[in-house]
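K.L.:
Below: one structure in structure tokens.
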Amino acid sequence: AQPRTTARHVAPRPAMDLEGTLWDSPWKVPLAKCPVTLVLLTVTATSNGFLRWRKLTPLVFTASYARVIRDRGYWRIFSACIMHDDMMRLLLCLLALWGLRDLEALMGSWEFLKNVLLLLLLTNAIYLGGIHAVRDSPLIARRGLQQWHYMGLSGVLVGLVSIQVNDPYYNEESYVAIFSLFKVPVDFACGVFAFIIQFIPLTPCFINVFCGLVGGYALTLGLFDWVTPYFTFCIIQWCILLVLVSDGFPPQLETEEIVQQRIAEEIFAVEARSRSGRDSLGADSSASPDSLSSEPIRSARD
């Protein structure tokens with residue numbers, strides 16, 4: 001019997017006349033063949049536009065280890081993927097997502113949706129799992145990485161580009177178009193894309209880009225080829241249930257000044273607790289034997 005293989009590697013390449021689409025007329029595309037791309041574009045653009053129109057801040061939708069794991073705000077895994085606090089990064093992400101519409105047309109909408117969901121979950125799992133593994137390290141506490149907020153679609157887009165340039169099933173050309181604006185050689189496409197989306201905007205996103213590269217290569221190696229359209233539908237249901245059981249959903253929309261003030265108060269409270277803990281430990285270590293025997297020692301938590 002023939003060994004079971006996935007449809008991604010046995011199905012013939014779809015017969016599509018896409019030659020020159022991204023180079024000659026970058027805005028002409030069969031829209032019926034990329035519904036997932038259109039939905040992501042619409043949701044991302046309208047949600048960010050609404051917040052800026054009402055002068056509200058997207059910081060209430062950000063994700064961090066403290067907010068997602070400690071505060072059980074699992075819905076932030078998905079909201080942080082849509083929201084952007086940097087207009088330049090938002091524009092680059094929209095252009096990059098539009099440039100990947102032919103990838104959806106080639107692999108199919110279900111396969112494209114599966115890759116988007118898996119990359120979204122993988123990038124968050126890699127980062128949150130890494131922070132959780134070393135959460136007791138002094139470096140993590142000193143740098144405040146548990147409270148480090150992140151948002152944006154950069155990790156998912158970098159993963160999709162790595163699939164496009166590394167999987168020969170989807171790429172049979174020597175050049176790849178990125179951001180729907182220009183073409184670069186396949187060997188340099190992923191590096192050029194990661195460099196632009198990392199250093200052009202005002203706020204860097206090195207961790208998101210790194211997690212996206214790892215997730216993209218994992219999908220390219222076929223580690224998740226066992227995920228069928230049925231499992232993709234199940235993943236969507238599990239994501240909906242994860243949002244419903246989360247705490248703090250839906251969030252209260254606030255202005256940027258109020259959120260920045262709250263973040264400053266949280267940082268001040270953490271620093272105050274750290275200073276009080278050090279002071280109490282110093283007082284306990286400098287106490288005399290008589291005082292230690294006469295009254296109980298106060299712990300750092302007290």
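Order determines the names: the first chain of the structure tokens is A, the second B, and so forth; residues in each chain are numbered 1 upward, and ligands are numbered 1 upward as they are shown.
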As a short mmCIF file (atom, residue, chain, number, x, y, z; two decimals) with N, CA, C and O atoms, in the first residue's frame, please: all residues of region 103-195 of chain A that backbone DSSP puts in helix (DSSP H, G or I).
P.N.:
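The result, written out as result00.cif:
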data_model
loop_
_atom_site.label_atom_id
_atom_site.label_comp_id
_atom_site.auth_asym_id
_atom_site.auth_seq_id
_atom_site.Cartn_x
_atom_site.Cartn_y
_atom_site.Cartn_z
N LEU A 103 -0.82 33.41 -2.64
CA LEU A 103 -0.49 32.21 -1.88
C LEU A 103 -1.77 31.50 -1.43
O LEU A 103 -1.86 30.26 -1.49
N GLU A 104 -2.77 32.27 -1.01
CA GLU A 104 -4.05 31.66 -0.66
C GLU A 104 -4.72 31.04 -1.88
O GLU A 104 -5.33 29.97 -1.80
N ALA A 105 -4.62 31.73 -3.03
CA ALA A 105 -5.24 31.18 -4.24
C ALA A 105 -4.59 29.87 -4.66
O ALA A 105 -5.25 28.99 -5.21
N LEU A 106 -3.29 29.73 -4.39
CA LEU A 106 -2.59 28.50 -4.78
C LEU A 106 -2.84 27.35 -3.82
O LEU A 106 -3.06 26.22 -4.24
N MET A 107 -2.81 27.63 -2.52
CA MET A 107 -2.97 26.56 -1.55
C MET A 107 -4.42 26.29 -1.16
O MET A 107 -4.71 25.27 -0.56
N SER A 109 -8.26 28.16 0.36
CA SER A 109 -8.65 28.98 1.51
C SER A 109 -8.53 28.21 2.82
O SER A 109 -8.08 28.77 3.84
N TRP A 110 -8.93 26.93 2.84
CA TRP A 110 -8.85 26.16 4.08
C TRP A 110 -7.40 25.97 4.50
O TRP A 110 -7.06 26.08 5.68
N GLU A 111 -6.53 25.66 3.55
CA GLU A 111 -5.11 25.49 3.88
C GLU A 111 -4.49 26.79 4.34
O GLU A 111 -3.69 26.82 5.29
N PHE A 112 -4.86 27.89 3.69
CA PHE A 112 -4.34 29.20 4.10
C PHE A 112 -4.84 29.56 5.49
O PHE A 112 -4.07 30.07 6.32
N LEU A 113 -6.14 29.34 5.77
CA LEU A 113 -6.68 29.62 7.10
C LEU A 113 -6.01 28.76 8.15
O LEU A 113 -5.72 29.22 9.26
N LYS A 114 -5.75 27.49 7.81
CA LYS A 114 -5.06 26.62 8.75
C LYS A 114 -3.67 27.15 9.08
O LYS A 114 -3.26 27.19 10.25
N ASN A 115 -2.93 27.58 8.07
CA ASN A 115 -1.59 28.11 8.31
C ASN A 115 -1.63 29.39 9.14
O ASN A 115 -0.77 29.60 10.01
N VAL A 116 -2.61 30.25 8.88
CA VAL A 116 -2.72 31.49 9.66
C VAL A 116 -3.00 31.17 11.12
O VAL A 116 -2.37 31.74 12.03
N LEU A 117 -3.95 30.28 11.38
CA LEU A 117 -4.28 29.93 12.77
C LEU A 117 -3.10 29.25 13.46
O LEU A 117 -2.79 29.56 14.62
N LEU A 118 -2.45 28.32 12.77
CA LEU A 118 -1.32 27.63 13.38
C LEU A 118 -0.16 28.60 13.66
O LEU A 118 0.49 28.51 14.72
N LEU A 119 0.11 29.50 12.74
CA LEU A 119 1.19 30.46 12.98
C LEU A 119 0.84 31.40 14.13
O LEU A 119 1.71 31.76 14.94
N LEU A 120 -0.43 31.80 14.21
CA LEU A 120 -0.85 32.65 15.32
C LEU A 120 -0.67 31.95 16.65
O LEU A 120 -0.14 32.52 17.61
N LEU A 121 -1.09 30.69 16.73
CA LEU A 121 -0.95 29.94 17.98
C LEU A 121 0.50 29.58 18.26
O LEU A 121 0.94 29.61 19.43
N LEU A 122 1.27 29.26 17.22
CA LEU A 122 2.67 28.88 17.43
C LEU A 122 3.51 30.05 17.90
O LEU A 122 4.34 29.90 18.82
N THR A 123 3.35 31.22 17.29
CA THR A 123 4.14 32.37 17.70
C THR A 123 3.87 32.75 19.15
O THR A 123 4.80 33.06 19.91
N ASN A 124 2.60 32.69 19.56
CA ASN A 124 2.29 32.99 20.96
C ASN A 124 2.78 31.89 21.89
O ASN A 124 3.25 32.17 23.00
N ALA A 125 2.66 30.63 21.45
CA ALA A 125 3.11 29.53 22.30
C ALA A 125 4.62 29.57 22.49
O ALA A 125 5.12 29.29 23.60
N ILE A 126 5.38 29.90 21.44
CA ILE A 126 6.83 29.96 21.56
C ILE A 126 7.25 31.05 22.53
O ILE A 126 8.09 30.84 23.42
N TYR A 127 6.65 32.23 22.38
CA TYR A 127 7.03 33.34 23.26
C TYR A 127 6.56 33.11 24.69
O TYR A 127 7.36 33.20 25.64
N LEU A 128 5.27 32.81 24.88
CA LEU A 128 4.74 32.64 26.23
C LEU A 128 5.36 31.42 26.91
O LEU A 128 5.64 31.45 28.11
N GLY A 129 5.59 30.34 26.14
CA GLY A 129 6.24 29.18 26.72
C GLY A 129 7.67 29.45 27.14
O GLY A 129 8.14 28.96 28.17
N GLY A 130 8.40 30.24 26.32
CA GLY A 130 9.76 30.60 26.70
C GLY A 130 9.82 31.44 27.96
O GLY A 130 10.66 31.20 28.84
N ILE A 131 8.92 32.43 28.07
CA ILE A 131 8.88 33.25 29.28
C ILE A 131 8.48 32.41 30.49
O ILE A 131 9.02 32.57 31.60
N HIS A 132 7.54 31.48 30.30
CA HIS A 132 7.10 30.64 31.42
C HIS A 132 8.22 29.71 31.89
O HIS A 132 8.33 29.43 33.10
N ALA A 133 9.05 29.24 30.98
CA ALA A 133 10.12 28.33 31.35
C ALA A 133 11.19 29.01 32.20
O ALA A 133 11.82 28.37 33.04
N PRO A 138 16.32 35.87 37.43
CA PRO A 138 16.46 37.28 37.82
C PRO A 138 16.43 38.23 36.63
O PRO A 138 15.98 39.37 36.76
N LEU A 139 16.92 37.78 35.48
CA LEU A 139 16.90 38.63 34.29
C LEU A 139 15.47 38.94 33.87
O LEU A 139 15.16 40.08 33.50
N ILE A 140 14.58 37.95 33.92
CA ILE A 140 13.19 38.18 33.55
C ILE A 140 12.55 39.18 34.49
O ILE A 140 11.82 40.09 34.08
N ALA A 141 12.82 39.04 35.79
CA ALA A 141 12.24 39.96 36.76
C ALA A 141 12.82 41.36 36.64
O ALA A 141 12.11 42.36 36.76
N ARG A 142 14.14 41.44 36.37
CA ARG A 142 14.76 42.74 36.28
C ARG A 142 14.34 43.49 35.02
O ARG A 142 14.12 44.70 35.04
N ARG A 143 14.20 42.78 33.91
CA ARG A 143 13.80 43.41 32.66
C ARG A 143 12.30 43.59 32.54
O ARG A 143 11.84 44.29 31.63
N LEU A 145 10.06 41.31 31.66
CA LEU A 145 9.56 40.69 30.44
C LEU A 145 8.18 40.07 30.62
O LEU A 145 7.47 39.87 29.63
N GLN A 146 7.79 39.77 31.85
CA GLN A 146 6.44 39.26 32.05
C GLN A 146 5.38 40.32 31.76
O GLN A 146 4.26 39.99 31.41
N GLN A 147 5.75 41.58 31.93
CA GLN A 147 4.83 42.68 31.63
C GLN A 147 5.05 43.28 30.25
O GLN A 147 4.41 44.28 29.91
N SER A 154 2.94 40.75 12.56
CA SER A 154 4.25 40.54 11.94
C SER A 154 4.69 39.09 11.98
O SER A 154 5.21 38.56 10.98
N GLY A 155 4.50 38.41 13.11
CA GLY A 155 4.94 37.03 13.20
C GLY A 155 4.23 36.11 12.22
O GLY A 155 4.85 35.26 11.58
N VAL A 156 2.90 36.28 12.08
CA VAL A 156 2.15 35.45 11.14
C VAL A 156 2.59 35.72 9.71
O VAL A 156 2.76 34.79 8.91
N LEU A 157 2.80 36.98 9.35
CA LEU A 157 3.19 37.33 7.98
C LEU A 157 4.58 36.79 7.66
O LEU A 157 4.81 36.29 6.54
N VAL A 158 5.51 36.89 8.60
CA VAL A 158 6.86 36.36 8.36
C VAL A 158 6.79 34.85 8.17
O VAL A 158 7.49 34.27 7.31
N GLY A 159 5.96 34.17 8.95
CA GLY A 159 5.79 32.74 8.77
C GLY A 159 5.21 32.37 7.42
O GLY A 159 5.66 31.41 6.78
N LEU A 160 4.23 33.13 6.94
CA LEU A 160 3.65 32.86 5.62
C LEU A 160 4.67 33.10 4.51
O LEU A 160 4.73 32.35 3.53
N VAL A 161 5.48 34.15 4.65
CA VAL A 161 6.50 34.41 3.64
C VAL A 161 7.54 33.30 3.64
O VAL A 161 8.02 32.87 2.57
N SER A 162 7.91 32.80 4.82
CA SER A 162 8.88 31.70 4.86
C SER A 162 8.31 30.44 4.21
O SER A 162 9.05 29.69 3.56
N ILE A 163 7.01 30.20 4.34
CA ILE A 163 6.39 29.07 3.64
C ILE A 163 6.45 29.29 2.13
O ILE A 163 6.75 28.38 1.36
N GLN A 164 6.18 30.51 1.70
CA GLN A 164 6.15 30.81 0.27
C GLN A 164 7.51 30.65 -0.38
O GLN A 164 7.61 30.16 -1.51
N VAL A 165 8.57 31.02 0.31
CA VAL A 165 9.89 31.01 -0.32
C VAL A 165 10.63 29.70 -0.10
O VAL A 165 11.60 29.43 -0.82
N ASN A 166 10.20 28.88 0.85
CA ASN A 166 10.93 27.64 1.15
C ASN A 166 10.23 26.39 0.66
O ASN A 166 10.90 25.36 0.51
N VAL A 186 14.41 34.81 -4.52
CA VAL A 186 13.83 33.90 -3.53
C VAL A 186 14.75 33.70 -2.34
O VAL A 186 14.31 33.66 -1.19
N ASP A 187 16.06 33.60 -2.60
CA ASP A 187 17.01 33.33 -1.52
C ASP A 187 17.08 34.46 -0.50
O ASP A 187 17.49 34.23 0.64
N PHE A 188 16.68 35.66 -0.89
CA PHE A 188 16.78 36.81 0.00
C PHE A 188 15.41 37.35 0.40
O PHE A 188 15.35 38.33 1.16
N ALA A 189 14.34 36.77 -0.09
CA ALA A 189 13.00 37.34 0.12
C ALA A 189 12.63 37.37 1.60
O ALA A 189 12.17 38.39 2.12
N CYS A 190 12.83 36.25 2.29
CA CYS A 190 12.43 36.19 3.69
C CYS A 190 13.26 37.15 4.55
O CYS A 190 12.73 37.82 5.44
N GLY A 191 14.56 37.24 4.28
CA GLY A 191 15.41 38.15 5.03
C GLY A 191 15.07 39.60 4.77
O GLY A 191 15.03 40.42 5.70
N VAL A 192 14.81 39.94 3.50
CA VAL A 192 14.43 41.33 3.17
C VAL A 192 13.10 41.69 3.81
O VAL A 192 12.93 42.78 4.37
N PHE A 193 12.14 40.77 3.76
CA PHE A 193 10.84 41.03 4.37
C PHE A 193 10.96 41.23 5.87
O PHE A 193 10.38 42.17 6.44
N ALA A 194 11.71 40.35 6.55
CA ALA A 194 11.88 40.48 8.00
C ALA A 194 12.62 41.76 8.35
O ALA A 194 12.30 42.42 9.35
N PHE A 195 13.61 42.14 7.54
CA PHE A 195 14.37 43.36 7.83
C PHE A 195 13.47 44.60 7.71
O PHE A 195 13.50 45.48 8.57
#
K.L.:
Between A:Lys55, A:Gly49, A:Ile200, A:Cys34, which residue has the minimum interatomic distance to Thr255 (chain A), considering only C-alpha atoms?
P.N.:
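Closest to Thr255 (chain A), using only C-alpha atoms: A:Lys55.
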K.L.:
If you count only C-alpha atoms, which residues fall within 9 Å of region 71-86 of chain A, apart from same-chain ones fewer than 6 positions away, as a PyMOL selection string?
P.N.:
chain A and resi 40+43-45+47-48+57-59+61-65+120-121+124+150-156+201-203+239-240+242-250
K.L.:
For the atom pair CA of Met88 (chain A) and CA of Ile258 (chain A), what is the interatomic distance in Å to one decimal place?
P.N.:
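Calculated distance between CA of Met88 (chain A) and CA of Ile258 (chain A) is 23.6 Å.
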K.L.:
Please indicate the distance in Å from CA of Ser180 (chain A) to CA of Leu95 (chain A), rounded to one decimal place.
P.N.:
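For CA of Ser180 (chain A) relative to CA of Leu95 (chain A), the distance reads 6.3 Å.
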K.L.:
I'd like the interatomic distance between CA of Phe206 (chain A) and CA of Lys183 (chain A), to a tenth of an Å.
P.N.:
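Spanning CA of Phe206 (chain A) to CA of Lys183 (chain A) is a straight-line distance of 23.5 Å.
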K.L.:
Which one of A:Leu51, A:Val134, A:Leu41, A:Ile178 sits closest to Ala96 (chain A) if you count only C-alpha atoms?
P.N.:
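Of A:Leu51, A:Val134, A:Leu41, A:Ile178, the one nearest Ala96 (chain A) is A:Ile178, counting only C-alpha atoms.
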K.L.:
Identify, with DSSP run on backbone atoms, the residues in region 18-224 of chain A assigned to strand (DSSP E or B), and express the list as a PyMOL selection string.
P.N.:
chain A and resi 63+150+175-178+182-185
K.L.:
Write the residues of the preceding selection, restricted to all heavy atoms, as a PDB file, in the first residue's frame.
P.N.:
ATOM      1  N   ALA A  63      -1.106  41.963  24.350  1.00  0.00           N
ATOM      2  CA  ALA A  63      -0.899  40.704  25.060  1.00  0.00           C
ATOM      3  C   ALA A  63       0.462  40.724  25.741  1.00  0.00           C
ATOM      4  O   ALA A  63       1.406  41.356  25.266  1.00  0.00           O
ATOM      5  CB  ALA A  63      -0.985  39.515  24.102  1.00  0.00           C
ATOM      6  N   TYR A 150       3.003  43.063  23.586  1.00  0.00           N
ATOM      7  CA  TYR A 150       3.273  42.913  22.159  1.00  0.00           C
ATOM      8  C   TYR A 150       1.952  42.866  21.415  1.00  0.00           C
ATOM      9  O   TYR A 150       0.914  42.483  21.953  1.00  0.00           O
ATOM     10  CB  TYR A 150       4.087  41.639  21.888  1.00  0.00           C
ATOM     11  CG  TYR A 150       3.399  40.355  22.260  1.00  0.00           C
ATOM     12  CD1 TYR A 150       2.648  39.630  21.333  1.00  0.00           C
ATOM     13  CD2 TYR A 150       3.505  39.840  23.552  1.00  0.00           C
ATOM     14  CE1 TYR A 150       2.023  38.445  21.680  1.00  0.00           C
ATOM     15  CE2 TYR A 150       2.889  38.653  23.898  1.00  0.00           C
ATOM     16  CZ  TYR A 150       2.156  37.965  22.959  1.00  0.00           C
ATOM     17  OH  TYR A 150       1.532  36.788  23.307  1.00  0.00           O
ATOM     18  N   TYR A 175      11.979  34.724  -8.350  1.00  0.00           N
ATOM     19  CA  TYR A 175      11.716  35.990  -7.676  1.00  0.00           C
ATOM     20  C   TYR A 175      10.366  35.908  -6.964  1.00  0.00           C
ATOM     21  O   TYR A 175       9.445  35.230  -7.428  1.00  0.00           O
ATOM     22  CB  TYR A 175      11.709  37.153  -8.651  1.00  0.00           C
ATOM     23  CG  TYR A 175      13.074  37.504  -9.189  1.00  0.00           C
ATOM     24  CD1 TYR A 175      13.595  36.854 -10.296  1.00  0.00           C
ATOM     25  CD2 TYR A 175      13.855  38.481  -8.576  1.00  0.00           C
ATOM     26  CE1 TYR A 175      14.856  37.162 -10.781  1.00  0.00           C
ATOM     27  CE2 TYR A 175      15.110  38.801  -9.049  1.00  0.00           C
ATOM     28  CZ  TYR A 175      15.610  38.138 -10.156  1.00  0.00           C
ATOM     29  OH  TYR A 175      16.849  38.444 -10.633  1.00  0.00           O
ATOM     30  N   VAL A 176      10.272  36.620  -5.854  1.00  0.00           N
ATOM     31  CA  VAL A 176       9.044  36.664  -5.065  1.00  0.00           C
ATOM     32  C   VAL A 176       8.697  38.121  -4.817  1.00  0.00           C
ATOM     33  O   VAL A 176       9.567  38.923  -4.448  1.00  0.00           O
ATOM     34  CB  VAL A 176       9.201  35.912  -3.728  1.00  0.00           C
ATOM     35  CG1 VAL A 176       7.974  36.113  -2.853  1.00  0.00           C
ATOM     36  CG2 VAL A 176       9.435  34.437  -3.980  1.00  0.00           C
ATOM     37  N   ALA A 177       7.428  38.474  -5.004  1.00  0.00           N
ATOM     38  CA  ALA A 177       6.972  39.833  -4.753  1.00  0.00           C
ATOM     39  C   ALA A 177       6.602  39.980  -3.281  1.00  0.00           C
ATOM     40  O   ALA A 177       5.911  39.141  -2.719  1.00  0.00           O
ATOM     41  CB  ALA A 177       5.768  40.157  -5.626  1.00  0.00           C
ATOM     42  N   ILE A 178       7.080  41.027  -2.653  1.00  0.00           N
ATOM     43  CA  ILE A 178       6.756  41.304  -1.258  1.00  0.00           C
ATOM     44  C   ILE A 178       6.134  42.693  -1.167  1.00  0.00           C
ATOM     45  O   ILE A 178       6.488  43.608  -1.922  1.00  0.00           O
ATOM     46  CB  ILE A 178       7.997  41.199  -0.353  1.00  0.00           C
ATOM     47  CG1 ILE A 178       9.087  42.162  -0.804  1.00  0.00           C
ATOM     48  CG2 ILE A 178       8.524  39.783  -0.326  1.00  0.00           C
ATOM     49  CD1 ILE A 178      10.296  42.164   0.113  1.00  0.00           C
ATOM     50  N   PHE A 182       7.403  45.246  -5.045  1.00  0.00           N
ATOM     51  CA  PHE A 182       8.625  44.931  -5.776  1.00  0.00           C
ATOM     52  C   PHE A 182       8.962  43.465  -5.570  1.00  0.00           C
ATOM     53  O   PHE A 182       8.468  42.819  -4.640  1.00  0.00           O
ATOM     54  CB  PHE A 182       9.792  45.809  -5.310  1.00  0.00           C
ATOM     55  CG  PHE A 182      10.037  45.762  -3.828  1.00  0.00           C
ATOM     56  CD1 PHE A 182      10.911  44.840  -3.278  1.00  0.00           C
ATOM     57  CD2 PHE A 182       9.389  46.650  -2.981  1.00  0.00           C
ATOM     58  CE1 PHE A 182      11.140  44.796  -1.932  1.00  0.00           C
ATOM     59  CE2 PHE A 182       9.607  46.611  -1.623  1.00  0.00           C
ATOM     60  CZ  PHE A 182      10.482  45.691  -1.087  1.00  0.00           C
ATOM     61  N   LYS A 183       9.800  42.942  -6.458  1.00  0.00           N
ATOM     62  CA  LYS A 183      10.229  41.559  -6.407  1.00  0.00           C
ATOM     63  C   LYS A 183      11.692  41.472  -5.992  1.00  0.00           C
ATOM     64  O   LYS A 183      12.501  42.322  -6.360  1.00  0.00           O
ATOM     65  CB  LYS A 183      10.047  40.881  -7.771  1.00  0.00           C
ATOM     66  CG  LYS A 183       8.605  40.543  -8.110  1.00  0.00           C
ATOM     67  CD  LYS A 183       8.526  39.716  -9.379  1.00  0.00           C
ATOM     68  CE  LYS A 183       7.110  39.253  -9.649  1.00  0.00           C
ATOM     69  NZ  LYS A 183       7.026  38.386 -10.850  1.00  0.00           N
ATOM     70  N   VAL A 184      11.993  40.434  -5.235  1.00  0.00           N
ATOM     71  CA  VAL A 184      13.352  40.181  -4.783  1.00  0.00           C
ATOM     72  C   VAL A 184      13.659  38.709  -5.043  1.00  0.00           C
ATOM     73  O   VAL A 184      12.744  37.883  -5.169  1.00  0.00           O
ATOM     74  CB  VAL A 184      13.519  40.503  -3.280  1.00  0.00           C
ATOM     75  CG1 VAL A 184      13.306  41.977  -3.020  1.00  0.00           C
ATOM     76  CG2 VAL A 184      12.550  39.674  -2.450  1.00  0.00           C
ATOM     77  N   PRO A 185      14.931  38.321  -5.148  1.00  0.00           N
ATOM     78  CA  PRO A 185      15.265  36.904  -5.332  1.00  0.00           C
ATOM     79  C   PRO A 185      14.746  36.048  -4.190  1.00  0.00           C
ATOM     80  O   PRO A 185      14.635  36.489  -3.043  1.00  0.00           O
ATOM     81  CB  PRO A 185      16.799  36.907  -5.377  1.00  0.00           C
ATOM     82  CG  PRO A 185      17.152  38.283  -5.822  1.00  0.00           C
ATOM     83  CD  PRO A 185      16.123  39.189  -5.236  1.00  0.00           C
TER      84      PRO A 185
END
K.L.:
Using only C-alpha atoms for the distances, tell me which of A:Cys211, A:Leu31, A:Leu253, A:Leu38 is nearest to Leu97 (chain A).
P.N.:
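Once distances to Leu97 (chain A) are computed over only C-alpha atoms, the minimum belongs to A:Leu38.
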K.L.:
Nearest to Leu92 (chain A) among A:Trp238, A:Phe233, A:Phe224, A:Phe199, with distances taken over only C-alpha atoms: which residue is it?
P.N.:
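Ranked by minimum distance to Leu92 (chain A), first place goes to A:Phe199.
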